[in-house]
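Asker: Have a peek at work.txt (compact mmCIF, C-alpha atoms).
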```txt
# COMPACT_ATOMS: atom_id res chain seq x y z
CA PRO W 1087 -100.66 64.02 -84.30
CA SER W 1088 -103.84 65.41 -85.82
CA ASP W 1089 -106.12 62.95 -83.98
CA VAL W 1090 -104.89 63.88 -80.48
CA GLY W 1091 -106.91 67.07 -80.11
CA TYR W 1092 -104.38 69.75 -79.23
CA GLU W 1093 -105.74 73.27 -79.40
CA PHE W 1094 -103.29 76.15 -79.37
CA GLY W 1095 -104.29 79.80 -79.19
CA GLU W 1096 -102.82 83.23 -78.63
CA ASN W 1097 -102.40 82.57 -74.89
CA ALA W 1098 -100.44 79.35 -75.46
CA VAL W 1099 -97.19 78.92 -73.53
CA LEU W 1100 -95.02 75.99 -74.63
CA ALA W 1101 -92.27 74.50 -72.50
CA ASP W 1102 -90.20 72.46 -74.98
CA CYS W 1103 -87.79 70.33 -72.96
CA GLY W 1104 -85.10 68.52 -74.88
CA ALA W 1105 -85.52 71.09 -77.63
CA TYR W 1106 -82.39 69.98 -79.53
CA ASP W 1107 -82.46 72.28 -82.60
CA GLY W 1108 -85.93 73.78 -82.02
CA ALA W 1109 -87.78 71.92 -84.78
CA GLU W 1110 -90.70 70.96 -82.50
CA ALA W 1111 -91.01 74.51 -81.13
CA LEU W 1112 -91.15 75.85 -84.69
CA ILE W 1113 -93.94 73.40 -85.55
CA PHE W 1114 -95.83 74.84 -82.57
CA ALA W 1115 -95.09 78.42 -83.69
CA ARG W 1116 -96.32 77.74 -87.21
CA LYS W 1117 -99.46 75.92 -86.01
CA THR W 1118 -100.39 79.04 -84.03
CA ALA W 1119 -99.45 81.35 -86.94
CA ASN W 1120 -96.97 82.93 -84.46
CA CYS W 1121 -99.85 83.98 -82.19
CA PHE W 1122 -98.71 82.53 -78.86
CA ARG W 1123 -97.70 84.07 -75.56
CA ALA W 1124 -94.30 82.35 -75.24
CA ILE W 1125 -92.12 79.41 -76.17
CA HIS W 1126 -89.56 78.30 -73.58
CA SER W 1127 -86.99 75.93 -75.09
CA PHE W 1128 -84.68 73.96 -72.78
CA GLU W 1129 -81.56 72.24 -74.10
CA PRO W 1130 -78.64 71.26 -71.83
CA ASP W 1131 -76.20 70.03 -74.49
CA ARG W 1132 -73.87 72.90 -75.38
CA MET W 1133 -73.62 72.26 -79.13
CA SER W 1134 -77.34 71.59 -79.45
CA PHE W 1135 -78.09 74.73 -77.43
CA LEU W 1136 -76.01 76.84 -79.82
CA ARG W 1137 -77.89 75.35 -82.79
CA LEU W 1138 -81.22 75.93 -81.00
CA SER W 1139 -80.35 79.55 -80.18
CA ARG W 1140 -79.32 80.31 -83.77
CA ASN W 1141 -82.47 78.70 -85.18
CA MET W 1142 -84.78 80.53 -82.78
CA ALA W 1143 -83.03 83.90 -83.34
CA ARG W 1144 -83.33 83.48 -87.11
CA TYR W 1145 -87.01 82.51 -86.86
CA MET W 1146 -87.82 85.45 -84.58
CA ALA W 1147 -86.05 87.88 -86.92
CA GLU W 1148 -87.81 86.48 -90.00
CA ASN W 1149 -91.23 86.66 -88.32
CA ALA W 1150 -90.84 89.88 -86.30
CA ILE W 1151 -91.53 88.21 -82.95
CA ASP W 1152 -89.60 88.29 -79.68
CA ASN W 1153 -91.27 85.77 -77.41
CA ILE W 1154 -89.12 82.64 -77.80
CA TYR W 1155 -86.71 82.04 -74.92
CA CYS W 1156 -83.85 79.52 -74.88
CA TYR W 1157 -82.34 78.06 -71.70
CA PRO W 1158 -79.04 76.12 -71.52
CA LEU W 1159 -80.62 73.79 -68.96
CA GLY W 1160 -82.07 70.35 -68.62
CA VAL W 1161 -85.22 69.89 -66.56
CA TYR W 1162 -85.35 67.65 -63.50
CA ASP W 1163 -86.82 67.39 -60.00
CA ARG W 1164 -84.17 69.63 -58.45
CA ASN W 1165 -81.77 72.44 -59.31
CA ASP W 1166 -78.36 70.81 -59.64
CA TYR W 1167 -75.35 69.96 -61.78
CA LEU W 1168 -75.59 66.26 -62.75
CA ARG W 1169 -73.21 63.75 -64.26
CA PHE W 1170 -74.04 62.62 -67.77
CA SER W 1171 -72.71 60.39 -70.52
CA GLY W 1172 -73.05 60.62 -74.28
CA ALA W 1173 -73.51 63.64 -76.52
CA GLY W 1174 -76.09 65.34 -78.70
CA THR W 1175 -79.34 63.39 -78.84
CA LEU W 1176 -77.84 60.38 -77.04
CA VAL W 1177 -77.24 61.89 -73.61
CA THR W 1178 -78.02 59.90 -70.49
CA VAL W 1179 -78.36 61.91 -67.29
CA SER W 1180 -77.47 60.30 -63.99
CA ASN W 1181 -79.02 61.18 -60.65
CA GLU W 1182 -75.51 61.85 -59.29
CA SER W 1183 -74.50 65.44 -58.50
CA VAL W 1184 -71.04 66.52 -59.59
CA GLY W 1185 -69.13 69.54 -58.36
CA SER W 1186 -67.24 70.26 -61.55
CA GLY W 1187 -66.15 68.74 -64.82
CA PRO W 1188 -68.49 67.10 -67.33
CA GLY W 1189 -72.06 67.61 -66.26
CA LEU W 1190 -75.39 69.17 -67.15
CA ARG W 1191 -77.08 72.02 -65.33
CA VAL W 1192 -80.69 71.05 -64.52
CA ALA W 1193 -83.58 72.94 -62.96
CA ARG W 1194 -87.13 72.39 -61.80
CA LEU W 1195 -89.63 73.91 -64.22
CA ASP W 1196 -91.56 75.09 -61.16
CA ASP W 1197 -88.56 77.31 -60.31
CA VAL W 1198 -88.09 78.71 -63.83
CA LEU W 1199 -91.56 79.31 -65.31
CA ASP W 1200 -94.73 80.95 -64.02
CA GLU W 1201 -97.16 79.23 -66.38
CA ILE W 1202 -97.43 76.72 -69.20
CA THR W 1203 -100.28 75.52 -71.38
CA HIS W 1204 -98.33 72.78 -73.18
CA LEU W 1205 -95.39 70.72 -71.91
CA ARG W 1206 -93.23 68.62 -74.23
CA LEU W 1207 -90.66 66.26 -72.67
CA GLU W 1208 -88.16 64.41 -74.87
CA ILE W 1209 -85.30 64.20 -72.40
CA GLU W 1210 -83.58 60.86 -72.70
CA GLY W 1211 -85.01 59.04 -69.69
CA ALA W 1212 -85.34 61.98 -67.27
CA GLU W 1213 -89.07 62.42 -67.97
CA VAL W 1214 -90.31 61.22 -64.56
CA PRO W 1215 -88.00 63.50 -62.52
CA ALA W 1216 -88.88 66.38 -64.87
CA LEU W 1217 -92.60 65.80 -64.31
CA ARG W 1218 -91.99 65.87 -60.54
CA GLY W 1219 -90.11 69.16 -60.99
CA ALA W 1220 -93.11 70.60 -62.85
CA ALA W 1221 -95.76 69.33 -60.40
CA GLY W 1222 -96.80 72.82 -59.28
CA LEU W 1223 -97.22 74.08 -62.85
CA ILE W 1224 -99.12 70.95 -63.86
CA ARG W 1225 -101.48 71.13 -60.89
CA ALA W 1226 -102.03 74.90 -61.28
CA HIS W 1227 -102.35 75.15 -65.07
CA ARG W 1228 -103.24 71.62 -66.29
CA PRO W 1229 -101.19 71.93 -69.49
CA THR W 1230 -101.51 69.46 -72.31
CA LEU W 1231 -98.59 67.04 -72.25
CA ALA W 1232 -96.45 65.26 -74.83
CA VAL W 1233 -94.10 62.92 -72.96
CA SER W 1234 -91.69 60.42 -74.52
CA THR W 1235 -92.19 56.94 -73.06
CA TYR W 1236 -89.46 54.83 -74.63
CA HIS W 1237 -86.10 55.66 -73.08
CA LEU W 1238 -86.22 53.38 -70.02
CA PRO W 1239 -87.77 49.89 -69.80
CA ASP W 1240 -90.40 50.96 -67.24
CA ASP W 1241 -91.15 54.44 -68.70
CA PHE W 1242 -94.55 53.43 -70.02
CA LEU W 1243 -95.79 52.61 -66.49
CA THR W 1244 -93.83 55.07 -64.35
CA ILE W 1245 -94.67 58.06 -66.53
CA HIS W 1246 -98.36 57.12 -66.51
CA ARG W 1247 -98.32 56.76 -62.70
CA GLN W 1248 -96.56 60.11 -62.28
CA ILE W 1249 -99.08 61.92 -64.48
CA GLU W 1250 -101.97 60.22 -62.69
CA SER W 1251 -100.57 61.38 -59.33
CA PHE W 1252 -101.31 65.00 -60.32
CA ASP W 1253 -105.05 64.16 -60.28
CA ARG W 1254 -105.80 66.39 -63.28
CA ASP W 1255 -108.11 63.94 -65.10
CA TYR W 1256 -106.06 63.69 -68.30
CA LYS W 1257 -107.25 61.78 -71.35
CA TYR W 1258 -104.36 59.73 -72.77
CA ARG W 1259 -103.34 59.00 -76.34
CA LEU W 1260 -100.31 56.84 -77.10
CA ARG W 1261 -98.79 57.51 -80.52
CA HIS W 1262 -95.56 56.83 -82.35
CA GLN W 1263 -93.25 59.77 -82.02
CA SER W 1264 -91.43 59.01 -85.27
CA LEU W 1265 -91.15 56.30 -87.86
CA GLU W 1266 -88.79 54.29 -85.66
CA ALA W 1267 -90.36 51.18 -84.12
CA GLY W 1268 -91.00 51.51 -80.39
CA VAL W 1269 -90.54 55.29 -80.24
CA LEU W 1270 -93.72 56.15 -78.34
CA CYS W 1271 -95.13 59.28 -76.77
CA TYR W 1272 -97.98 59.92 -74.34
CA HIS W 1273 -100.22 62.78 -75.39
CA CYS W 1274 -102.35 63.97 -72.49
CA ILE W 1275 -105.28 66.31 -72.98
```
Could you rewrite the structure in this file as structure tokens?

Answerer:
Amino acid sequence: PSDVGYEFGENAVLADCGAYDGAEALIFARKTANCFRAIHSFEPDRMSFLRLSRNMARYMAENAIDNIYCYPLGVYDRNDYLRFSGAGTLVTVSNESVGSGPGLRVARLDDVLDEITHLRLEIEGAEVPALRGAAGLIRAHRPTLAVSTYHLPDDFLTIHRQIESFDRDYKYRLRHQSLEAGVLCYHCI
């Protein structure tokens, strides 16, 4: 949202978690006029990841850039293979590890990335574990945050508490994420 106060520059590094088809990452790319250090897009759903990869490859080719990276991973507070239910944008991740079969590969952002300046989490109720898995990056780099707060009944409070635990003195804005009633997002600057 225009009233939140995000500032993106040529050193911007976006971690877009729950990237789906890459639409949010492309908004970021366009807002920076393609002058950013990197976009890291994470999408664990196989079909969505294929769509994301095609969209990012096309955009990079059309704009002569090569600094968008796609990962077939979800983000969480550990590196694991977790049970899930649903498909596409309606996936629910469980905390239960599975050895094989239907599952989603997840990783800690702290173990995948070296830096971020902006973190976007739209990951179907796994936002709190993902924030824990990015604690080192958040404490070291104090990225701006856009975190969905509507998937679980206590998200509004638990996400706020988790962000506060990083002691990074964020200023909070709560805005609708879309036109759907109750679809809210914390924006932390």

Asker: Given all atoms listed in the file as the basis, pick out the residue of W:Tyr1162, W:Tyr1106, W:Tyr1092, W:Tyr1256 nearest to Met1133 in chain W.

Answerer: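 Going through W:Tyr1162, W:Tyr1106, W:Tyr1092, W:Tyr1256 one by one, the smallest distance to Met1133 in chain W is for W:Tyr1106.
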
Asker: Give the answer as one residue: which of W:Ala1232, W:Leu1243, W:Leu1238, W:Ala1119 has the shortest atom-to-atom distance to Asn1149 in chain W, using only C-alpha atoms?

Answerer: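 Ranking W:Ala1232, W:Leu1243, W:Leu1238, W:Ala1119 by distance to Asn1149 in chain W, first place goes to W:Ala1119.
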
Asker: Anything within 12 Å of (-89.6, 80.3, -63.6): list those residues as an mmCIF file with C-alpha atoms, in the frame of the given file, counting all atoms listed in the file and sticking to the file's coordinates.

Answerer:
```
data_model
loop_
_atom_site.group_PDB
_atom_site.id
_atom_site.type_symbol
_atom_site.label_atom_id
_atom_site.label_comp_id
_atom_site.auth_asym_id
_atom_site.auth_seq_id
_atom_site.Cartn_x
_atom_site.Cartn_y
_atom_site.Cartn_z
ATOM 1 C CA ALA W 1101 -92.270 74.500 -72.500
ATOM 2 C CA HIS W 1126 -89.560 78.300 -73.580
ATOM 3 C CA TYR W 1155 -86.710 82.040 -74.920
ATOM 4 C CA TYR W 1157 -82.340 78.060 -71.700
ATOM 5 C CA VAL W 1161 -85.220 69.890 -66.560
ATOM 6 C CA ASN W 1165 -81.770 72.440 -59.310
ATOM 7 C CA ALA W 1193 -83.580 72.940 -62.960
ATOM 8 C CA ARG W 1194 -87.130 72.390 -61.800
ATOM 9 C CA LEU W 1195 -89.630 73.910 -64.220
ATOM 10 C CA ASP W 1196 -91.560 75.090 -61.160
ATOM 11 C CA ASP W 1197 -88.560 77.310 -60.310
ATOM 12 C CA VAL W 1198 -88.090 78.710 -63.830
ATOM 13 C CA LEU W 1199 -91.560 79.310 -65.310
ATOM 14 C CA ASP W 1200 -94.730 80.950 -64.020
ATOM 15 C CA GLU W 1201 -97.160 79.230 -66.380
ATOM 16 C CA ILE W 1202 -97.430 76.720 -69.200
ATOM 17 C CA GLY W 1219 -90.110 69.160 -60.990
ATOM 18 C CA ALA W 1220 -93.110 70.600 -62.850
ATOM 19 C CA GLY W 1222 -96.800 72.820 -59.280
ATOM 20 C CA LEU W 1223 -97.220 74.080 -62.850
#
```

Asker: Please, what distance in Å, to one decimal, runs between CA of Asn1120 in chain W and CA of Cys1156 in chain W?

Answerer: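 Taking CA of Asn1120 in chain W and CA of Cys1156 in chain W, their separation equals 16.6 Å.
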
Asker: Go ahead and compute the interatomic distance for CA of Val1214 in chain W and CA of Gln1248 in chain W, in Å to one decimal.

Answerer: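 Value for the CA of Val1214 in chain W-CA of Gln1248 in chain W distance: 6.7 Å.
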
Asker: Provide the CA of Leu1100 in chain W to CA of Pro1229 in chain W distance in Å, to one decimal place.

Answerer: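 CA of Pro1229 in chain W lies 9.0 Å from CA of Leu1100 in chain W.
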
Asker: W:Phe1252, W:Tyr1258, W:Tyr1236, W:Phe1094: which is nearest Glu1210 in chain W, counting all atoms listed in the file?

Answerer: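 Going through W:Phe1252, W:Tyr1258, W:Tyr1236, W:Phe1094 one by one, the smallest distance to Glu1210 in chain W is for W:Tyr1236.
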
Asker: If you count only C-alpha atoms, which residues fall within 7 Å of Val1099 in chain W, apart from same-chain ones fewer than 2 positions away, as a PyMOL selection string?

Answerer: chain W and resi 1097+1101+1122-1125+1202-1204

Asker: Rank nothing, just name the residue among W:Leu1231, W:Ala1226, W:Ile1249, W:Leu1136 nearest to Gly1091 in chain W, using only C-alpha atoms.

Answerer: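 Nearest candidate to Gly1091 in chain W out of W:Leu1231, W:Ala1226, W:Ile1249, W:Leu1136: W:Leu1231.
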
Asker: So, with all atoms listed in the file as the atoms that count, which of W:Tyr1272, W:Asp1102, W:Thr1178, W:Ser1139 lies closest to Arg1259 in chain W?

Answerer: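 Smallest separation from Arg1259 in chain W among the options: W:Tyr1272.
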
Asker: Using only C-alpha atoms, pick whichever of W:Arg1206, W:Asp1241, W:His1227, W:Asp1107 has the shortest atom-to-atom distance to Cys1274 in chain W.

Answerer: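 Selected residue with least distance to Cys1274 in chain W: W:Arg1206.
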
Asker: Fewer than 3 positions away in the same chain doesn't count, so skip those; otherwise give me all residues within 7 Å of Cys1271 in chain W, counting only C-alpha atoms, as a ChimeraX atom specification.

Answerer: /W:1232-1235,1260-1263

Asker: For the residues selected in the previous step, produce a file with C-alpha atoms as an mmCIF file, keeping the file's coordinate frame.

Answerer:
```cif
data_model
loop_
_atom_site.group_PDB
_atom_site.id
_atom_site.type_symbol
_atom_site.label_atom_id
_atom_site.label_comp_id
_atom_site.auth_asym_id
_atom_site.auth_seq_id
_atom_site.Cartn_x
_atom_site.Cartn_y
_atom_site.Cartn_z
ATOM 1 C CA ALA W 1232 -96.450 65.260 -74.830
ATOM 2 C CA VAL W 1233 -94.100 62.920 -72.960
ATOM 3 C CA SER W 1234 -91.690 60.420 -74.520
ATOM 4 C CA THR W 1235 -92.190 56.940 -73.060
ATOM 5 C CA LEU W 1260 -100.310 56.840 -77.100
ATOM 6 C CA ARG W 1261 -98.790 57.510 -80.520
ATOM 7 C CA HIS W 1262 -95.560 56.830 -82.350
ATOM 8 C CA GLN W 1263 -93.250 59.770 -82.020
#
```

Asker: Considering all atoms listed in the file, return as a list in words whatever protein or nucleic-acid residues lie within 8 Å of Cys1121 in chain W, sequence-local ones (same chain, fewer than 6 positions apart) excluded.

Answerer: Gly1095, Glu1096, Asn1097 and Ala1115 of chain W

Asker: How would the residues just picked look written out with C-alpha atoms as a compact mmCIF listing (two decimals), keeping the file's coordinate frame?

Answerer:
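out-v9.txt written:
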```txt
# COMPACT_ATOMS: atom_id res chain seq x y z
CA GLY W 1095 -104.29 79.80 -79.19
CA GLU W 1096 -102.82 83.23 -78.63
CA ASN W 1097 -102.40 82.57 -74.89
CA ALA W 1115 -95.09 78.42 -83.69
```
